[in-house]
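Structure first, then comments.
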Amino acid sequence: MEFDEDRVRVALETAWSLDTAKQWSKENPANGQCNVTSAVIHDLFGGEVLRTRYPGVWHYYNRIGGRRCDLTDSQFVRPDARFAAPDPYEDELSDRDAAMDGIPQREYDALKAALLDQLS
């Protein structure tokens, strides 16, 4: 499957839910979705998993085709935002396993299935 960022962003808006992250809300669907989203995107489209440090947590995202792609960046500007957007992004190389640390497999499975459904 070829990566089309605009198409994936639109699909994710519908694919995210309480089944994919407990921080989800209708007003801020990307909230809390960075870990699971970066893992699913890595598995479907390849590239690299990157991260940036926040106090006590990591923010995960991807690099695809040599370009940073933070598909959950909308969470920083919507209601209920827990953090401001990274400034600057650290772009620390990470991996899928680190992104999935502490994330239930059921959340990954739910997001992957919902995203594939939206993209089909």
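Every chain in the structure tokens has a letter given in the order shown (A, B, ...), and although residue numbers restart at 1 in each chain, ligands are simply numbered from 1 in the order shown.
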
List as a list in words the protein and nucleic acid residues near A:Phe3, meaning an atom at most 9 Å away when only C-alpha atoms are counted, but skip any in the same chain fewer than 4 places from it. Arg7, Val8, Leu44, Phe45 and Ile64 of chain A

Go ahead and save the residues from that selection, with C-alpha atoms, as a PDB file, in the first residue's frame.
ATOM      1  CA  ARG A   7      -5.709  10.283   2.655  1.00  0.00           C
ATOM      2  CA  VAL A   8      -4.321   8.625   5.799  1.00  0.00           C
ATOM      3  CA  LEU A  44       1.539  -0.586   7.076  1.00  0.00           C
ATOM      4  CA  PHE A  45       3.854   1.864   5.318  1.00  0.00           C
ATOM      5  CA  ILE A  64       8.343   8.165   5.810  1.00  0.00           C
TER       6      ILE A  64
END

Could you name the residues that touch stretch 103-118 of chain A at 10 Å or less, counting only C-alpha atoms, but leaving out those on the same chain fewer than 3 positions away, as a VMD selection string? chain A and resid 7 to 22 33 35 to 37 39 to 41 43 to 44 97 to 100

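For the residues A:Val57, A:Arg78, A:Asp87, A:Thr72, ranking by smallest atom-to-atom distance to A:Gly102 using only C-alpha atoms places A:Val57 first.
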
With only C-alpha atoms as the counted atoms, please give the residues lying no more than 8 Å from stretch 89-96 of chain A, apart from itself and same-chain residues fewer than 3 positions off, as an MDAnalysis selection string. chainID A and resid 38:39 42 48:53 86 99:100

Suppose you want the space between atom CA of A:Asp101 and atom CA of A:Gly66; what is it in Å? 24.7 Å

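With distances restricted to only C-alpha atoms, A:Arg82 is the closest residue to A:Gln23 from A:Gly47, A:Phe76, A:Pro88, A:Arg82.
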
Could you please determine the separation between atom CA of A:Asn28 and atom CA of A:Asn62 in Å, to one decimal place? 20.1 Å

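Those residues in stretch 1-108 of chain A carrying a DSSP assignment of strand (DSSP E), computed from the backbone, are A:Glu48, A:Val49, A:Leu50, A:Arg51, A:Thr52, A:Arg53, A:Tyr54, A:Val57, A:Trp58, A:His59, A:Tyr60, A:Tyr61, A:Asn62, A:Arg63, A:Ile64, A:Arg67, A:Arg68, A:Cys69, A:Glu92, A:Leu93.
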
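Residue nearest A:Cys34, chosen from A:Ala84, A:Gly46, A:Trp58, A:Arg63 and counting only C-alpha atoms: A:Trp58.
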
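Coordinates place atom CA of A:His59 at a distance of 16.3 Å from atom CA of A:Asp80.
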
So which one's closest to A:Gln75, A:Tyr54, A:Glu27, A:Ser120, A:Asp6? Using only C-alpha atoms, please. A:Glu27

Let's see if you can do this: from backbone DSSP, list all alpha helix (DSSP H) residues in stretch 59-108 of chain A, as a list in words. Arg96, Asp97, Ala98, Ala99, Met100, Gln105, Arg106, Glu107 and Tyr108 of chain A

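The shortest atom-to-atom distance to A:Tyr60, with only C-alpha atoms taken into account, belongs to A:Asp73 out of A:Glu5, A:Asp73, A:Trp24, A:Pro29.
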
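Restricting the calculation to only C-alpha atoms, the smallest distance between A:Ser25 and any of A:Asp4, A:Pro79, A:Leu119, A:Ala85 is found for A:Pro79.
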